[in-house]
Amino acid sequence: MSGTFSKTGLARMHEVMARHVGERMPGLVTLVSRGGETHADAIGKLSFEDDAPMRRDAIFRIASMTKPVTATAAMILVEDGVLRLDDPVDEFLPELANRKVLRSIESDLNDTVPARRAITLRDLLTFRLGIGAVMVWPSKYPIQKAMDEAGVAPGPVFVSVTPDEFMQRLGALPLIYQPGERWLYHTGADILGVLIARAAGMSFGQFLAKRLFAPLGVTDTGFHVPDAKIDRLVTCYSADHNTGGRAVFDAARGGRFSRPAVFEAGGAELLSTADDYLAFCRMLLNKGRHGDTRILSRASVELMMTDQLTAEQKIGAELFFGNDRGWGFGGAVYTRRDDLFAVPGRYGWDGGYGTSGYVDPQNDLAGVLLTQRMMDSPQPPKVFTDFWTQAYAAMED
C-alpha cells in the first residue's frame with residue numbers, strides 16, 4: 001500500500017468542507033492520515049464573535065469521542081490485572097450491587113424484580129449494564145423522568161455533581177433492563193470513568209494523563225482548558241429553536257470548560273485537538289503501540305474493535321446502528337458495507353458537539369473532523385457524511 005491521497009481528492013475535500021462554513025458554523029478542522037502521510041486543513045474562524053482564524057491546533061470539545069479513550073483506559077487496567085472483564089464491579093462500585101430491574105420500561109420505579117446477575121466491566125464497556133439513554137422525546141417513561149430529576153440522564157449538559165454523588169444518585173434508581181440484555185447509550189462510559197479512578201487510586205484525569213496521554217505525547221487533551229491555552233478553544237454553538245438560527249452554547253472564556261471539571265465524565269467531557277486525537281487513533285491502528293511504547297496489547301485493541309452485540313441486544317438502538325454497525329468497547333464497529341466509508345471493522349464514534357473520529361484498519365486510515373456546531377439528532381449531520389465520503393474518495397488505492 002502506498003498510503004497516499006490524491007491531490008485532486010484532497011482539493012475536492014477542502015472545497016466540499018469549506019461549503020459548510022458559514023451561517024451554521026464559523027470554522028472546522030479536518031485531518032486524514034494513512035500510511036505515514038497526514039493532511040490537515042483548518043477552515044474559517046474560531047468563532048462568529050471575532051475574526052481569529054481557525055488553526056490546526058484549535059481545541060475542541062470532543063464530547064462522545066471521549067468514549068473510545070475511556071475504554072482504552074479500562075483495558076489498561078485489565079492488562080495490569082487490576083480489573084477483569086467478567087468480574088462484578090461491586091468491589092469498586094458498591095452503589096451498583098444488588099440491583100433491582102424494572103418489570104418493563106413502562107413500569108413505575110417500585111415495580112421491579114431482582115437482577116439475575118451482577119454488572120460486570122464487560123457490561124460497562126459494551127453499554128449492556130441495563131441503564132442509559134432512552135431515546136424517546138419528550139420523556140414519557142417514569143424511569144426517564146426519574147433520571148432527569150436526579151441529574152443523571154444523558155444529554156448535552158453534562159453531569160455537574162461529584163463522582164461519588166453521581167454514583168449515589170444512579171444507585172438509587174432501578175435498572176431498565178437486566179444486565180447483558182440490551183444496549184443503552186452513554187451511561188456505561190460515565191460509570192467507567194468512576195470505576196477507573198477508584199480502581200487506580202487517583203482521579204480519572206490523572207490516570208489518563210499518566211497512562212495514556214503522556215505515553216502518546218499529547219499535550220492539549222484533558223477535561224478543561226487552562227488560561228494559557230484559552231485563546232485556542234473554539235466557541236460552541238447550538239440551534240436556536242425559537243429563531244431558527246444559532247445560539248452560543250458554550251463560550252471559550254468563562255465557559256464550562258475554562259475551569260476544572262467537577263465530574264470528569266468518561267462518556268463525553270474531554271477536549272482535544274486534531275493532532276492529539278490522531279495520536280490516539282494511530283496507536284489503535286498500530287495495535288496498541290505508539291512509537292517504541294506499547295500502551296495496549298494487540299489482543300486488547302482487536303477485542304475493543306470487534307462487534308460485541310447480538311441482534312437481540314441491539315433492539316431499540318436502530319437509530320444509532322442502522323443496518324451496518326454494532327458496538328465494540330467504547331465505540332461503534334461497522335459490520336457491512338453500504339456506503340463509501342462503511343468498511344467492515346471501521347471503529348470509532350461521533351461527538352454530539354460536532355466532532356467525528358474513526359480508524360479503519362483495513363485501509364490503515366484515521367480521520368478526525370472537528371466542528372463546533374452541536375448535532376441536532378443522533379443521525380450524523382451532512383458535514384460528517386461529506387467529510388467521510390471525501391476521505392475515502394481521496395484515497396489513491
# chains A, B, ... in the order shown; residues from 1 in each chain; ligands from 1

call {"tool": "select_by_dssp", "arguments": {"residues": "region 144-383 of chain A", "states": "strand (DSSP E)", "output": "PyMOL selection string"}}
result
chain A and resi 236-240+245-250+271-272+289-290+293-294+325-327+332-334+347-351+355-360+365-371

call {"tool": "residues_around", "arguments": {"residues": "region 130-138 of chain A", "least_positions_apart": "6", "cutoff": "12 Å", "atoms": "only C-alpha atoms", "output": "PyMOL selection string"}}
result
chain A and resi 96+99-102+104-106+115-120+123-124+144-148+152-156+170-171+173-191+267+313+316-320+377-378

call {"tool": "residues_around", "arguments": {"residues": "region 11-27 of chain A", "least_positions_apart": "6", "cutoff": "10 Å", "atoms": "only C-alpha atoms", "output": "tab-separated table (two decimals) with N, CA, C and O atoms, in the first residue's frame"}}
result
chain	number	residue	atom	x	y	z
A	40	ALA	N	-3.89	17.90	7.12
A	40	ALA	CA	-4.81	18.64	7.97
A	40	ALA	C	-5.23	19.92	7.26
A	40	ALA	O	-4.47	20.49	6.46
A	41	ASP	N	-6.44	20.37	7.56
A	41	ASP	CA	-6.97	21.57	6.91
A	41	ASP	C	-7.79	22.33	7.95
A	41	ASP	O	-8.73	21.78	8.55
A	42	ALA	N	-7.41	23.58	8.20
A	42	ALA	CA	-8.15	24.45	9.11
A	42	ALA	C	-8.88	25.50	8.27
A	42	ALA	O	-8.24	26.25	7.52
A	43	ILE	N	-10.19	25.55	8.38
A	43	ILE	CA	-11.02	26.40	7.53
A	43	ILE	C	-11.86	27.32	8.39
A	43	ILE	O	-12.46	26.89	9.38
A	44	GLY	N	-11.94	28.59	8.03
A	44	GLY	CA	-12.83	29.52	8.70
A	44	GLY	C	-12.24	30.17	9.92
A	44	GLY	O	-11.03	30.43	9.99
A	45	LYS	N	-13.09	30.40	10.93
A	45	LYS	CA	-12.71	31.15	12.12
A	45	LYS	C	-12.99	30.34	13.39
A	45	LYS	O	-13.75	29.37	13.37
A	46	LEU	N	-12.39	30.77	14.50
A	46	LEU	CA	-12.61	30.12	15.79
A	46	LEU	C	-14.00	30.40	16.34
A	46	LEU	O	-14.55	29.61	17.10
A	47	SER	N	-14.58	31.54	15.97
A	47	SER	CA	-15.91	31.89	16.47
A	47	SER	C	-16.55	32.91	15.53
A	47	SER	O	-15.88	33.54	14.71
A	48	PHE	N	-17.86	33.09	15.69
A	48	PHE	CA	-18.56	34.12	14.94
A	48	PHE	C	-18.31	35.50	15.53
A	48	PHE	O	-18.50	36.51	14.87
A	49	GLU	N	-17.91	35.53	16.80
A	49	GLU	CA	-17.81	36.79	17.51
A	49	GLU	C	-16.54	37.57	17.23
A	49	GLU	O	-16.46	38.76	17.55
A	50	ASP	N	-15.52	36.93	16.69
A	50	ASP	CA	-14.30	37.66	16.31
A	50	ASP	C	-13.73	37.03	15.04
A	50	ASP	O	-14.24	36.04	14.53
A	51	ASP	N	-12.64	37.61	14.55
A	51	ASP	CA	-12.08	37.18	13.27
A	51	ASP	C	-10.84	36.33	13.41
A	51	ASP	O	-10.11	36.14	12.43
A	53	PRO	N	-8.56	33.46	13.01
A	53	PRO	CA	-8.68	32.34	12.06
A	53	PRO	C	-8.64	30.99	12.75
A	53	PRO	O	-7.99	30.83	13.79
A	54	MET	N	-9.35	30.03	12.16
A	54	MET	CA	-9.24	28.66	12.64
A	54	MET	C	-7.79	28.20	12.49
A	54	MET	O	-7.08	28.61	11.57
A	55	ARG	N	-7.34	27.35	13.40
A	55	ARG	CA	-5.97	26.87	13.36
A	55	ARG	C	-5.94	25.37	13.60
A	55	ARG	O	-6.84	24.81	14.24
A	234	VAL	N	-12.32	26.82	20.81
A	234	VAL	CA	-13.37	27.35	19.95
A	234	VAL	C	-14.64	27.60	20.77
A	234	VAL	O	-14.84	27.01	21.83
A	235	THR	N	-15.50	28.48	20.27
A	235	THR	CA	-16.82	28.67	20.84
A	235	THR	C	-17.75	27.60	20.28
A	235	THR	O	-17.65	27.22	19.12
A	236	CYS	N	-18.64	27.10	21.14
A	236	CYS	CA	-19.55	26.03	20.73
A	236	CYS	C	-20.95	26.61	20.52
A	236	CYS	O	-21.45	27.38	21.34
A	237	TYR	N	-21.60	26.22	19.41
A	237	TYR	CA	-22.91	26.75	19.03
A	237	TYR	C	-23.96	25.65	18.94
A	237	TYR	O	-23.65	24.49	18.62
A	238	SER	N	-25.19	26.03	19.19
A	238	SER	CA	-26.32	25.12	19.03
A	238	SER	C	-27.39	25.81	18.18
A	238	SER	O	-27.30	27.01	17.90
A	239	ALA	N	-28.38	25.04	17.81
A	239	ALA	CA	-29.51	25.63	17.09
A	239	ALA	C	-30.36	26.44	18.06
A	239	ALA	O	-30.55	26.04	19.22
A	245	GLY	N	-32.23	30.21	14.03
A	245	GLY	CA	-30.82	30.50	13.79
A	245	GLY	C	-29.92	29.71	14.71
A	245	GLY	O	-30.14	28.52	14.94
A	246	ARG	N	-28.93	30.38	15.27
A	246	ARG	CA	-27.96	29.71	16.13
A	246	ARG	C	-27.87	30.47	17.45
A	246	ARG	O	-28.27	31.62	17.57
A	247	ALA	N	-27.29	29.78	18.45
A	247	ALA	CA	-27.06	30.38	19.76
A	247	ALA	C	-25.72	29.89	20.28
A	247	ALA	O	-25.26	28.80	19.93
A	354	GLY	N	-20.34	18.11	17.68
A	354	GLY	CA	-19.98	18.34	16.28
A	354	GLY	C	-18.65	17.78	15.86
A	354	GLY	O	-17.95	18.40	15.05
A	370	LEU	N	-13.41	18.04	13.29
A	370	LEU	CA	-13.75	18.83	14.46
A	370	LEU	C	-14.51	20.08	14.02
A	370	LEU	O	-13.98	20.91	13.27
A	371	THR	N	-15.77	20.19	14.44
A	371	THR	CA	-16.55	21.39	14.23
A	371	THR	C	-17.04	21.86	15.60
A	371	THR	O	-16.87	21.16	16.59
A	372	GLN	N	-17.67	23.03	15.64
A	372	GLN	CA	-18.21	23.50	16.92
A	372	GLN	C	-19.70	23.77	16.81
A	372	GLN	O	-20.25	24.59	17.53
A	373	ARG	N	-20.38	23.00	15.94
A	373	ARG	CA	-21.83	23.09	15.82
A	373	ARG	C	-22.45	21.80	16.35
A	373	ARG	O	-22.19	20.72	15.83
A	374	MET	N	-23.24	21.91	17.40
A	374	MET	CA	-23.81	20.73	18.04
A	374	MET	C	-24.73	19.98	17.08
A	374	MET	O	-25.42	20.58	16.25
A	382	LYS	N	-24.85	16.40	7.72
A	382	LYS	CA	-24.25	16.32	6.39
A	382	LYS	C	-22.75	16.61	6.40
A	382	LYS	O	-21.99	16.05	5.60
A	383	VAL	N	-22.29	17.46	7.33
A	383	VAL	CA	-20.86	17.75	7.38
A	383	VAL	C	-20.06	16.51	7.72
A	383	VAL	O	-18.94	16.32	7.23
A	384	PHE	N	-20.62	15.60	8.53
A	384	PHE	CA	-19.95	14.34	8.85
A	384	PHE	C	-19.88	13.44	7.62
A	384	PHE	O	-18.81	12.94	7.26
A	386	ASP	N	-20.24	14.14	4.52
A	386	ASP	CA	-19.42	14.72	3.46
A	386	ASP	C	-17.94	14.52	3.73
A	386	ASP	O	-17.16	14.19	2.82
A	387	PHE	N	-17.53	14.71	4.98
A	387	PHE	CA	-16.11	14.52	5.32
A	387	PHE	C	-15.67	13.09	5.05
A	387	PHE	O	-14.64	12.85	4.40
A	388	TRP	N	-16.43	12.13	5.55
A	388	TRP	CA	-16.00	10.74	5.39
A	388	TRP	C	-16.10	10.27	3.94
A	388	TRP	O	-15.26	9.49	3.47
A	389	THR	N	-17.08	10.76	3.22
A	389	THR	CA	-17.17	10.43	1.80
A	389	THR	C	-15.92	10.95	1.07
A	389	THR	O	-15.31	10.21	0.26
A	390	GLN	N	-15.52	12.19	1.34
A	390	GLN	CA	-14.35	12.75	0.68
A	390	GLN	C	-13.05	12.06	1.13
A	390	GLN	O	-12.12	11.91	0.33
A	391	ALA	N	-12.98	11.66	2.39
A	391	ALA	CA	-11.77	10.97	2.87
A	391	ALA	C	-11.54	9.68	2.10
A	391	ALA	O	-10.42	9.37	1.69
A	393	ALA	N	-12.95	8.90	-0.86
A	393	ALA	CA	-12.81	9.20	-2.30
A	393	ALA	C	-11.41	9.70	-2.63
A	393	ALA	O	-10.95	9.54	-3.77
A	394	ALA	N	-10.70	10.27	-1.65
A	394	ALA	CA	-9.38	10.83	-1.89
A	394	ALA	C	-8.26	9.79	-1.82
A	394	ALA	O	-7.12	10.11	-2.19

call {"tool": "atom_distance", "arguments": {"atom1": "CA of Val333 (chain A)", "atom2": "CA of Phe127 (chain A)"}}
result
13.7 Å

call {"tool": "residues_around", "arguments": {"residues": "Glu95 (chain A)", "least_positions_apart": "3", "cutoff": "10 Å", "atoms": "only C-alpha atoms", "output": "list in words"}}
result
Val89, Asp90, Glu91, Phe92, Asn98, Arg99, Asp164, Phe166, Met167, Gln168, Arg169, Leu170, Gly171 and Ala172 of chain A

call {"tool": "closest_residue", "arguments": {"among": "A:Pro260, A:Arg289, A:Ile143, A:Ala274", "to": "Pro215 (chain A)", "atoms": "only C-alpha atoms"}}
result
A:Arg289

call {"tool": "residues_around", "arguments": {"residues": "Pro361 (chain A)", "least_positions_apart": "4", "cutoff": "8 Å", "atoms": "only C-alpha atoms", "output": "ChimeraX atom specification"}}
result
/A:285,345-346,365

call {"tool": "atom_distance", "arguments": {"atom1": "CA of Arg56 (chain A)", "atom2": "CA of Lys229 (chain A)"}}
result
13.7 Å

call {"tool": "residues_around", "arguments": {"residues": "Leu77 (chain A)", "least_positions_apart": "3", "cutoff": "12 Å", "atoms": "only C-alpha atoms", "output": "list of chain:residue names"}}
result
A:Thr70, A:Ala71, A:Thr72, A:Ala73, A:Ala74, A:Asp80, A:Gly81, A:Val82, A:Leu83, A:Arg84, A:Leu85, A:Leu121, A:Leu192, A:Gly193, A:Leu195, A:Ile196, A:Ala197, A:Arg198, A:Ala199, A:Ala200, A:Gly201, A:Phe207, A:Leu208, A:Arg211, A:Leu212, A:Ile295, A:Leu296, A:Ser297, A:Ser300

call {"tool": "atom_distance", "arguments": {"atom1": "CA of Lys67 (chain A)", "atom2": "CA of Gly330 (chain A)"}}
result
5.0 Å

call {"tool": "residues_around", "arguments": {"residues": "Ala332 (chain A)", "least_positions_apart": "4", "cutoff": "7 Å", "atoms": "only C-alpha atoms", "output": "PyMOL selection string"}}
result
chain A and resi 325-328+347-349

call {"tool": "write_last_selection", "arguments": {"atoms": "N, CA, C and O atoms", "output": "PDB file, in the first residue's frame"}}
result
ATOM      1  N   ARG A 325     -23.913  -1.312  11.583  1.00  0.00           N
ATOM      2  CA  ARG A 325     -22.999  -1.106  12.696  1.00  0.00           C
ATOM      3  C   ARG A 325     -23.395  -1.918  13.921  1.00  0.00           C
ATOM      4  O   ARG A 325     -24.562  -2.251  14.119  1.00  0.00           O
ATOM      5  N   GLY A 326     -22.393  -2.214  14.740  1.00  0.00           N
ATOM      6  CA  GLY A 326     -22.581  -2.766  16.064  1.00  0.00           C
ATOM      7  C   GLY A 326     -21.750  -1.945  17.041  1.00  0.00           C
ATOM      8  O   GLY A 326     -21.387  -0.811  16.754  1.00  0.00           O
ATOM      9  N   TRP A 327     -21.418  -2.550  18.158  1.00  0.00           N
ATOM     10  CA  TRP A 327     -20.680  -1.831  19.203  1.00  0.00           C
ATOM     11  C   TRP A 327     -19.596  -2.725  19.778  1.00  0.00           C
ATOM     12  O   TRP A 327     -19.844  -3.896  20.092  1.00  0.00           O
ATOM     13  N   GLY A 328     -18.386  -2.190  19.862  1.00  0.00           N
ATOM     14  CA  GLY A 328     -17.289  -2.905  20.491  1.00  0.00           C
ATOM     15  C   GLY A 328     -17.143  -2.464  21.932  1.00  0.00           C
ATOM     16  O   GLY A 328     -18.096  -2.487  22.700  1.00  0.00           O
ATOM     17  N   TYR A 347     -13.824   1.538  13.170  1.00  0.00           N
ATOM     18  CA  TYR A 347     -14.163   1.711  14.593  1.00  0.00           C
ATOM     19  C   TYR A 347     -14.016   3.167  15.001  1.00  0.00           C
ATOM     20  O   TYR A 347     -13.075   3.850  14.590  1.00  0.00           O
ATOM     21  N   GLY A 348     -14.929   3.642  15.816  1.00  0.00           N
ATOM     22  CA  GLY A 348     -14.834   4.993  16.353  1.00  0.00           C
ATOM     23  C   GLY A 348     -16.198   5.489  16.765  1.00  0.00           C
ATOM     24  O   GLY A 348     -17.133   4.714  16.971  1.00  0.00           O
ATOM     25  N   TRP A 349     -16.309   6.829  16.881  1.00  0.00           N
ATOM     26  CA  TRP A 349     -17.599   7.370  17.283  1.00  0.00           C
ATOM     27  C   TRP A 349     -17.641   8.858  16.996  1.00  0.00           C
ATOM     28  O   TRP A 349     -16.613   9.480  16.706  1.00  0.00           O
TER      29      TRP A 349
END

call {"tool": "closest_residue", "arguments": {"among": "A:Thr385, A:Asn110, A:Asn363, A:Thr30", "to": "Leu278 (chain A)", "atoms": "only C-alpha atoms"}}
result
A:Thr30
